[in-house]
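Undergrad: My structure is stored as upload_7.cif, with mmCIF, C-alpha atoms.
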data_coords
#
loop_
_atom_site.label_atom_id
_atom_site.label_comp_id
_atom_site.auth_asym_id
_atom_site.auth_seq_id
_atom_site.Cartn_x
_atom_site.Cartn_y
_atom_site.Cartn_z
CA MET M 1 54.07 50.35 -86.21
CA ILE M 2 50.54 50.42 -84.77
CA TYR M 3 49.28 53.58 -83.10
CA ASP M 4 46.52 53.90 -80.54
CA GLU M 5 44.96 57.33 -81.04
CA LEU M 6 44.10 57.77 -77.37
CA GLY M 7 47.33 56.24 -76.09
CA ASN M 8 49.34 58.53 -78.38
CA THR M 9 47.74 61.65 -76.89
CA CYS M 10 48.80 63.62 -73.84
CA LEU M 11 47.23 66.53 -71.98
CA ILE M 12 49.63 69.02 -70.40
CA LEU M 13 48.28 70.94 -67.41
CA ASP M 14 50.28 74.04 -66.49
CA PHE M 15 49.72 75.01 -62.84
CA GLU M 16 50.45 78.25 -61.05
CA PHE M 17 50.15 78.39 -57.25
CA GLU M 18 50.80 81.20 -54.80
CA THR M 19 51.53 81.44 -51.08
CA LYS M 20 51.30 84.39 -48.71
CA ASP M 21 55.01 85.11 -48.26
CA ALA M 22 58.08 84.47 -50.39
CA VAL M 23 59.74 81.18 -49.45
CA SER M 24 62.70 79.07 -50.56
CA LEU M 25 61.62 75.77 -52.10
CA PRO M 26 63.61 72.73 -53.21
CA VAL M 27 64.79 72.87 -56.81
CA TYR M 28 62.96 69.62 -57.57
CA MET M 29 59.46 69.48 -56.08
CA GLY M 30 58.13 66.53 -58.10
CA SER M 31 58.17 64.06 -55.20
CA ALA M 32 56.49 66.51 -52.79
CA LEU M 33 53.83 67.46 -55.36
CA ARG M 34 53.08 63.81 -56.14
CA GLY M 35 52.76 63.11 -52.41
CA ALA M 36 50.40 66.04 -51.87
CA MET M 37 48.24 65.02 -54.82
CA GLY M 38 48.32 61.38 -53.71
CA HIS M 39 46.96 62.09 -50.22
CA ALA M 40 44.12 64.17 -51.69
CA PHE M 41 43.52 61.55 -54.40
CA LEU M 42 43.13 58.78 -51.82
CA ARG M 43 40.63 60.82 -49.79
CA ARG M 44 38.55 61.38 -52.93
CA CYS M 45 38.66 57.76 -54.13
CA CYS M 46 38.42 55.71 -50.94
CA ASP M 47 36.15 55.94 -47.88
CA LYS M 48 37.63 52.96 -46.03
CA PRO M 49 39.16 53.69 -42.59
CA VAL M 50 42.21 51.60 -43.54
CA PRO M 51 42.59 51.49 -47.35
CA ASP M 52 43.42 48.12 -48.88
CA CYS M 53 44.06 48.56 -52.59
CA SER M 54 44.27 44.80 -53.20
CA GLU M 55 40.49 44.50 -52.87
CA CYS M 56 39.45 46.89 -55.64
CA ARG M 57 42.61 47.91 -57.52
CA SER M 58 41.19 46.80 -60.87
CA VAL M 59 38.30 49.30 -60.76
CA CYS M 60 39.63 52.15 -58.59
CA VAL M 61 41.38 55.17 -60.12
CA TYR M 62 43.84 55.60 -57.22
CA PRO M 63 46.04 52.53 -57.95
CA GLN M 64 46.22 53.52 -61.61
CA PHE M 65 47.82 56.83 -60.61
CA PHE M 66 49.81 55.81 -57.53
CA SER M 67 50.51 52.09 -57.73
CA ARG M 68 51.27 49.52 -60.42
CA ILE M 69 48.49 47.60 -62.19
CA GLU M 70 49.29 44.13 -63.50
CA ARG M 71 48.78 43.69 -67.22
CA ASP M 72 47.11 40.38 -68.15
CA LYS M 73 47.71 39.05 -64.62
CA ASN M 74 51.47 38.99 -65.18
CA PRO M 75 53.17 40.52 -62.11
CA LYS M 76 56.29 41.25 -64.15
CA ASP M 77 54.32 43.25 -66.74
CA THR M 78 52.74 46.29 -65.11
CA LEU M 79 51.29 49.54 -66.35
CA PRO M 80 53.19 52.63 -65.18
CA ASN M 81 51.34 55.63 -63.78
CA PRO M 82 49.83 57.59 -66.71
CA TYR M 83 51.35 60.98 -65.91
CA VAL M 84 54.56 62.87 -65.17
CA ILE M 85 55.03 65.92 -62.96
CA TYR M 86 57.65 68.41 -64.10
CA HIS M 87 59.05 71.07 -61.79
CA HIS M 88 62.42 72.71 -62.07
CA GLY M 89 62.80 75.74 -59.84
CA ASP M 90 65.75 77.65 -58.43
CA SER M 91 67.01 78.74 -55.03
CA ARG M 92 65.51 82.24 -55.17
CA ARG M 93 62.78 83.05 -52.69
CA SER M 94 59.38 83.37 -54.33
CA ALA M 95 55.69 83.35 -53.44
CA ARG M 96 54.83 81.56 -56.69
CA LEU M 97 55.12 77.90 -57.64
CA ARG M 98 54.83 76.82 -61.28
CA PHE M 99 54.92 73.26 -62.62
CA SER M 100 53.20 71.01 -65.14
CA VAL M 101 51.45 67.65 -65.06
CA THR M 102 51.42 65.69 -68.32
CA ILE M 103 48.60 63.12 -68.37
CA ILE M 104 49.03 60.31 -70.86
CA GLY M 105 46.48 58.28 -72.83
CA LYS M 106 43.49 56.93 -70.92
CA GLY M 107 44.51 58.89 -67.84
CA ILE M 108 43.23 62.04 -69.59
CA GLU M 109 39.63 61.15 -68.68
CA HIS M 110 40.59 61.81 -65.05
CA SER M 111 42.15 65.24 -65.71
CA GLU M 112 39.55 67.10 -63.62
CA LEU M 113 40.33 64.82 -60.67
CA VAL M 114 44.03 65.62 -61.10
CA VAL M 115 43.30 69.36 -61.01
CA GLN M 116 41.05 69.15 -57.96
CA THR M 117 43.35 66.87 -55.95
CA MET M 118 46.45 68.90 -56.80
CA LYS M 119 44.55 72.03 -55.73
CA SER M 120 43.50 70.59 -52.36
CA GLY M 121 46.80 68.78 -51.79
CA CYS M 122 48.86 71.96 -52.22
CA ALA M 123 46.40 73.95 -50.11
CA ASN M 124 46.97 71.47 -47.27
CA GLY M 125 50.66 72.34 -47.30
CA LEU M 126 53.97 71.53 -48.99
CA THR M 127 57.46 70.78 -47.62
CA ALA M 128 58.25 69.83 -44.02
CA LYS M 129 56.90 73.24 -42.92
CA MET M 130 53.50 72.43 -44.53
CA ILE M 131 53.32 75.77 -46.35
CA PRO M 132 49.88 76.19 -47.98
CA PHE M 133 49.81 77.11 -51.67
CA LEU M 134 46.61 78.32 -53.32
CA LEU M 135 45.79 77.67 -56.98
CA LYS M 136 45.85 80.85 -59.06
CA ASN M 137 45.64 79.44 -62.56
CA VAL M 138 45.69 76.22 -64.56
CA SER M 139 45.78 76.01 -68.35
CA GLU M 140 45.80 72.99 -70.61
CA ARG M 141 47.13 71.96 -74.01
CA LYS M 142 46.81 68.68 -75.85
CA CYS M 143 49.34 67.16 -78.23
CA SER M 144 50.41 63.91 -79.88
CA ILE M 145 53.31 62.01 -78.34
CA PHE M 146 54.69 60.21 -81.40
CA ASP M 147 54.19 61.73 -84.84
CA GLY M 148 56.62 59.62 -86.88
CA ALA M 149 57.96 62.72 -88.63
CA GLU M 150 61.66 62.50 -89.35
CA GLU M 151 63.85 65.54 -89.86
CA PRO M 152 67.36 65.72 -91.39
CA THR M 153 69.65 65.67 -88.36
CA ARG M 154 73.38 65.12 -87.98
CA GLU M 155 73.89 66.58 -84.52
CA VAL M 156 71.59 66.98 -81.52
CA SER M 157 72.04 68.12 -77.91
CA PHE M 158 69.97 67.10 -74.89
CA LEU M 159 69.70 69.04 -71.66
CA PHE M 160 68.74 66.85 -68.69
CA ASP M 161 67.41 69.31 -66.11
CA THR M 162 66.02 66.75 -63.65
CA PRO M 163 68.11 63.75 -62.53
CA LEU M 164 68.25 60.87 -64.99
CA GLN M 165 68.33 57.64 -63.02
CA ILE M 166 68.80 54.42 -64.99
CA ARG M 167 69.56 51.26 -63.06
CA THR M 168 71.09 47.97 -64.09
CA SER M 169 71.30 45.05 -61.65
CA GLY M 170 70.07 47.42 -58.96
CA SER M 171 72.87 49.96 -59.38
CA VAL M 172 72.61 53.48 -60.83
CA MET M 173 74.40 53.87 -64.17
CA TRP M 174 76.73 56.88 -64.30
CA SER M 175 77.61 56.55 -68.00
CA PHE M 176 75.28 57.39 -70.86
CA SER M 177 74.98 56.62 -74.57
CA PHE M 178 72.55 57.29 -77.38
CA GLU M 179 71.62 53.60 -77.44
CA LEU M 180 70.64 53.86 -73.77
CA LEU M 181 68.51 56.94 -74.48
CA MET M 182 66.71 55.18 -77.34
CA ARG M 183 66.25 51.95 -75.38
CA ASN M 184 64.56 53.81 -72.52
CA ALA M 185 62.44 56.04 -74.77
CA ILE M 186 61.10 53.00 -76.64
CA ARG M 187 60.49 51.19 -73.35
CA ARG M 188 58.41 54.10 -72.03
CA MET M 189 56.40 54.24 -75.26
CA ARG M 190 55.69 50.51 -75.11
CA MET M 191 54.80 50.42 -71.40
CA LEU M 192 52.43 53.39 -71.71
CA ASP M 193 50.75 51.91 -74.81
CA VAL M 194 51.70 54.89 -76.96
CA ALA M 195 52.45 52.58 -79.89
CA GLU M 196 53.17 48.94 -80.66
CA ILE M 197 56.76 48.79 -81.88
CA PRO M 198 57.63 45.50 -83.61
CA ALA M 199 60.54 43.63 -82.03
CA ASP M 200 62.53 43.54 -85.29
CA LEU M 201 62.16 47.33 -85.72
CA GLU M 202 63.28 47.91 -82.12
CA LEU M 203 66.34 45.70 -82.57
CA GLU M 204 67.28 47.47 -85.80
CA LEU M 205 66.87 50.91 -84.21
CA LEU M 206 69.02 49.95 -81.22
CA ARG M 207 71.67 48.47 -83.52
CA LYS M 208 71.86 51.74 -85.44
CA ALA M 209 71.78 53.74 -82.19
CA ASN M 210 75.01 52.02 -81.14
CA GLU M 211 76.69 53.72 -84.11
CA ILE M 212 75.83 57.23 -82.86
CA LYS M 213 78.83 58.95 -81.30
CA VAL M 214 79.11 61.26 -78.28
CA LEU M 215 80.45 64.64 -79.41
CA LYS M 216 80.33 66.46 -76.07
CA ASN M 217 79.35 65.24 -72.62
CA SER M 218 78.91 67.45 -69.55
CA LEU M 219 76.59 65.09 -67.64
CA LYS M 220 77.46 65.02 -63.93
CA PRO M 221 76.16 63.00 -60.97
CA TYR M 222 73.59 64.74 -58.81
CA TYR M 223 72.74 63.23 -55.44
CA MET M 224 69.39 63.56 -53.70
CA GLU M 225 66.82 61.41 -51.95
CA ARG M 226 63.20 61.43 -50.88
CA TYR M 227 61.37 60.22 -47.81
CA SER M 228 58.27 58.04 -48.25
CA ASN M 229 55.70 58.58 -45.51
CA ARG M 230 53.85 55.48 -46.66
CA LYS M 231 56.89 53.19 -46.48
CA LYS M 232 58.67 55.13 -43.72
CA ALA M 233 61.97 54.93 -45.60
CA ARG M 234 64.34 57.01 -47.70
CA PHE M 235 64.93 56.35 -51.39
CA SER M 236 67.62 57.63 -53.73
CA LEU M 237 66.60 59.97 -56.56
CA SER M 238 70.21 60.48 -57.63
CA GLY M 239 71.06 60.62 -61.31
CA LEU M 240 72.78 62.49 -64.12
CA LEU M 241 72.29 66.20 -64.86
CA GLY M 242 73.68 68.33 -67.66
CA THR M 243 74.06 68.38 -71.43
CA VAL M 244 75.14 65.71 -73.87
CA THR M 245 75.61 66.10 -77.64
CA PHE M 246 75.46 63.23 -80.13
CA CYS M 247 76.47 63.14 -83.79
CA GLY M 248 75.75 60.76 -86.64
CA GLU M 249 72.79 59.88 -88.85
CA LEU M 250 70.05 60.82 -86.40
CA SER M 251 67.07 61.56 -88.64
CA GLU M 252 65.02 58.39 -88.04
CA PHE M 253 65.53 58.59 -84.27
CA MET M 254 64.04 62.07 -83.82
CA PRO M 255 60.36 60.98 -83.43
CA TYR M 256 61.38 58.65 -80.60
CA VAL M 257 63.51 61.17 -78.73
CA ARG M 258 60.75 63.77 -79.05
CA ALA M 259 58.35 61.26 -77.48
CA GLY M 260 60.88 60.60 -74.71
CA ALA M 261 61.03 64.32 -73.95
CA LEU M 262 57.30 64.27 -73.18
CA LEU M 263 57.22 60.94 -71.33
CA HIS M 264 60.57 61.30 -69.46
CA ILE M 265 62.90 58.30 -69.27
CA GLY M 266 64.48 56.19 -66.54
CA LYS M 267 63.24 55.74 -62.98
CA ALA M 268 60.69 57.80 -61.00
CA CYS M 269 59.24 59.53 -64.07
CA PRO M 270 55.91 60.39 -62.37
CA MET M 271 57.94 62.43 -59.85
CA GLY M 272 59.63 64.34 -62.65
CA LEU M 273 62.94 62.52 -63.01
CA GLY M 274 64.43 61.93 -66.45
CA HIS M 275 63.14 65.11 -68.11
CA TYR M 276 65.17 66.45 -71.02
CA THR M 277 64.93 69.21 -73.57
CA ILE M 278 66.12 68.87 -77.17
CA CYS M 279 68.05 72.12 -77.20
CA ASP M 280 70.08 72.09 -80.42
CA VAL M 281 69.33 70.25 -83.69
CA ARG M 282 71.58 70.56 -86.73
#
Hey, can you dump this file as C-alpha cells for me?
TA:
Amino acid sequence: MIYDELGNTCLILDFEFETKDAVSLPVYMGSALRGAMGHAFLRRCCDKPVPDCSECRSVCVYPQFFSRIERDKNPKDTLPNPYVIYHHGDSRRSARLRFSVTIIGKGIEHSELVVQTMKSGCANGLTAKMIPFLLKNVSERKCSIFDGAEEPTREVSFLFDTPLQIRTSGSVMWSFSFELLMRNAIRRMRMLDVAEIPADLELELLRKANEIKVLKNSLKPYYMERYSNRKKARFSLSGLLGTVTFCGELSEFMPYVRAGALLHIGKACPMGLGHYTICDVR
C-alpha cells in the first residue's frame, strides 16, 4: 500500500458558537451548516454577479469544497469534497452550538478560509428563522487517517449516530453487513487519496470481510430530508441509525474502520451523514 503523507492527514476544527437566547435546533445540523458556509465561501471566492463555476472550476477553491472536480477529465471519476461536518445535538433548548469540521489532505491549506466562512455564515443566520450565531471558540487538532496498526480483535461494536445512507441502483439499502462497511471505508480512502490500495488487496479484504458475522444489530431506519436552495428541491437524507456488533477475526480490518470513522461512509458525508464511533473492542 502506498501512502501520501498529506493525503493521509486530517485537521479537525472544533467550533463553539453562541446565540442570544436558548433555542431548539434540529438534531442534525450538518446540511444547514454546510449551506451557511457555502454561501459565505462563494462570496469570498467569486465576484461575478452570476457565478458560473464551469469557467474556472479547475483553479477556484469553491468547487473543490462544494462541487465535484473531475479527475483526469473522466466525468465518472470525481474528487469528493475534502471535509466532513459533524454535528449531533439533542432536542433540549440551548444558546450554544458545538460541531466539528474535519478537513482532509490538501484541503487543509484552506483551513483559515473554512474558519472565516463558517464564522460569517453562522453569523448571518441558521435555520428557517435565520437565527444568528456568533463564534466563541475554535480549536484544532491534527491526526493521521490510516496508521496501518492492527490490534487483536474478535468483537467490535459500531454506533452510527448520524444516518448511514448507502444506495444501490438508486435505492437506499436498509440492511447492513461488515463487508458493506469495509467496501465503503476503502472507497472513501481511495476517492480522497488517503492511500493507494492495490486491487488484489482490496478483493482479499472484502472476501475475508464476508466471513465476519453480525452478533447484534439494533440499526433502525431514520427518515429525514433537506431542502436545497440552489436546486429548489428536496432530497432524502434518510438512513440507518443505531448500533451493530460484529464478531470474527477482525484484527487486520481495524485500521480501515478507524479511517472510516474519521472520513464517514456512504452518501452526503460532507453534511455529516455516515458518522460512526467504534464503541466496544474486544
Undergrad: Go through M:Ser139, M:Ser24, M:Ser144, M:Ser31 and flag the residue nearest Leu97 in chain M, using only C-alpha atoms for the distances.
TA: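 Once distances to Leu97 in chain M are computed over only C-alpha atoms, the minimum belongs to M:Ser24.
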Undergrad: So the first atom is CA of Gly274 in chain M and the second is CA of Leu180 in chain M; what is the distance between them in Å, to one decimal place?
TA: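 If I compute the distance from CA of Gly274 in chain M to CA of Leu180 in chain M, I get 12.5 Å.
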Undergrad: Tell me which residues come within 10 Å of (47.5, 77.8, -57.2), as a count of residues only, counting all atoms listed in the file in the file's coordinates.
TA: 20
Undergrad: Translate the PyMOL selection byres ((chain M and resi 86) around 9), as applied to the file shown, into an explicit residue set as a ChimeraX atom specification.
TA: /M:28-30,84-85,87-88,99-102,162,270-273,275
Undergrad: The PyMOL selection byres ((chain M and resi 214) around 12) on the file shown: which residues, as an MDAnalysis selection string?
TA: chainID M and resid 154:158 175:179 209:213 215:219 243:248
Undergrad: So how far away is CA of Leu126 in chain M from CA of Ala32 in chain M, in Å?
TA: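 About the pair CA of Ala32 in chain M and CA of Leu126 in chain M: they are 6.8 Å apart.
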Undergrad: Which value, in Å to one decimal, gives the distance between CA of Gly242 in chain M and CA of Phe160 in chain M?
TA: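 The value is 5.3 Å.
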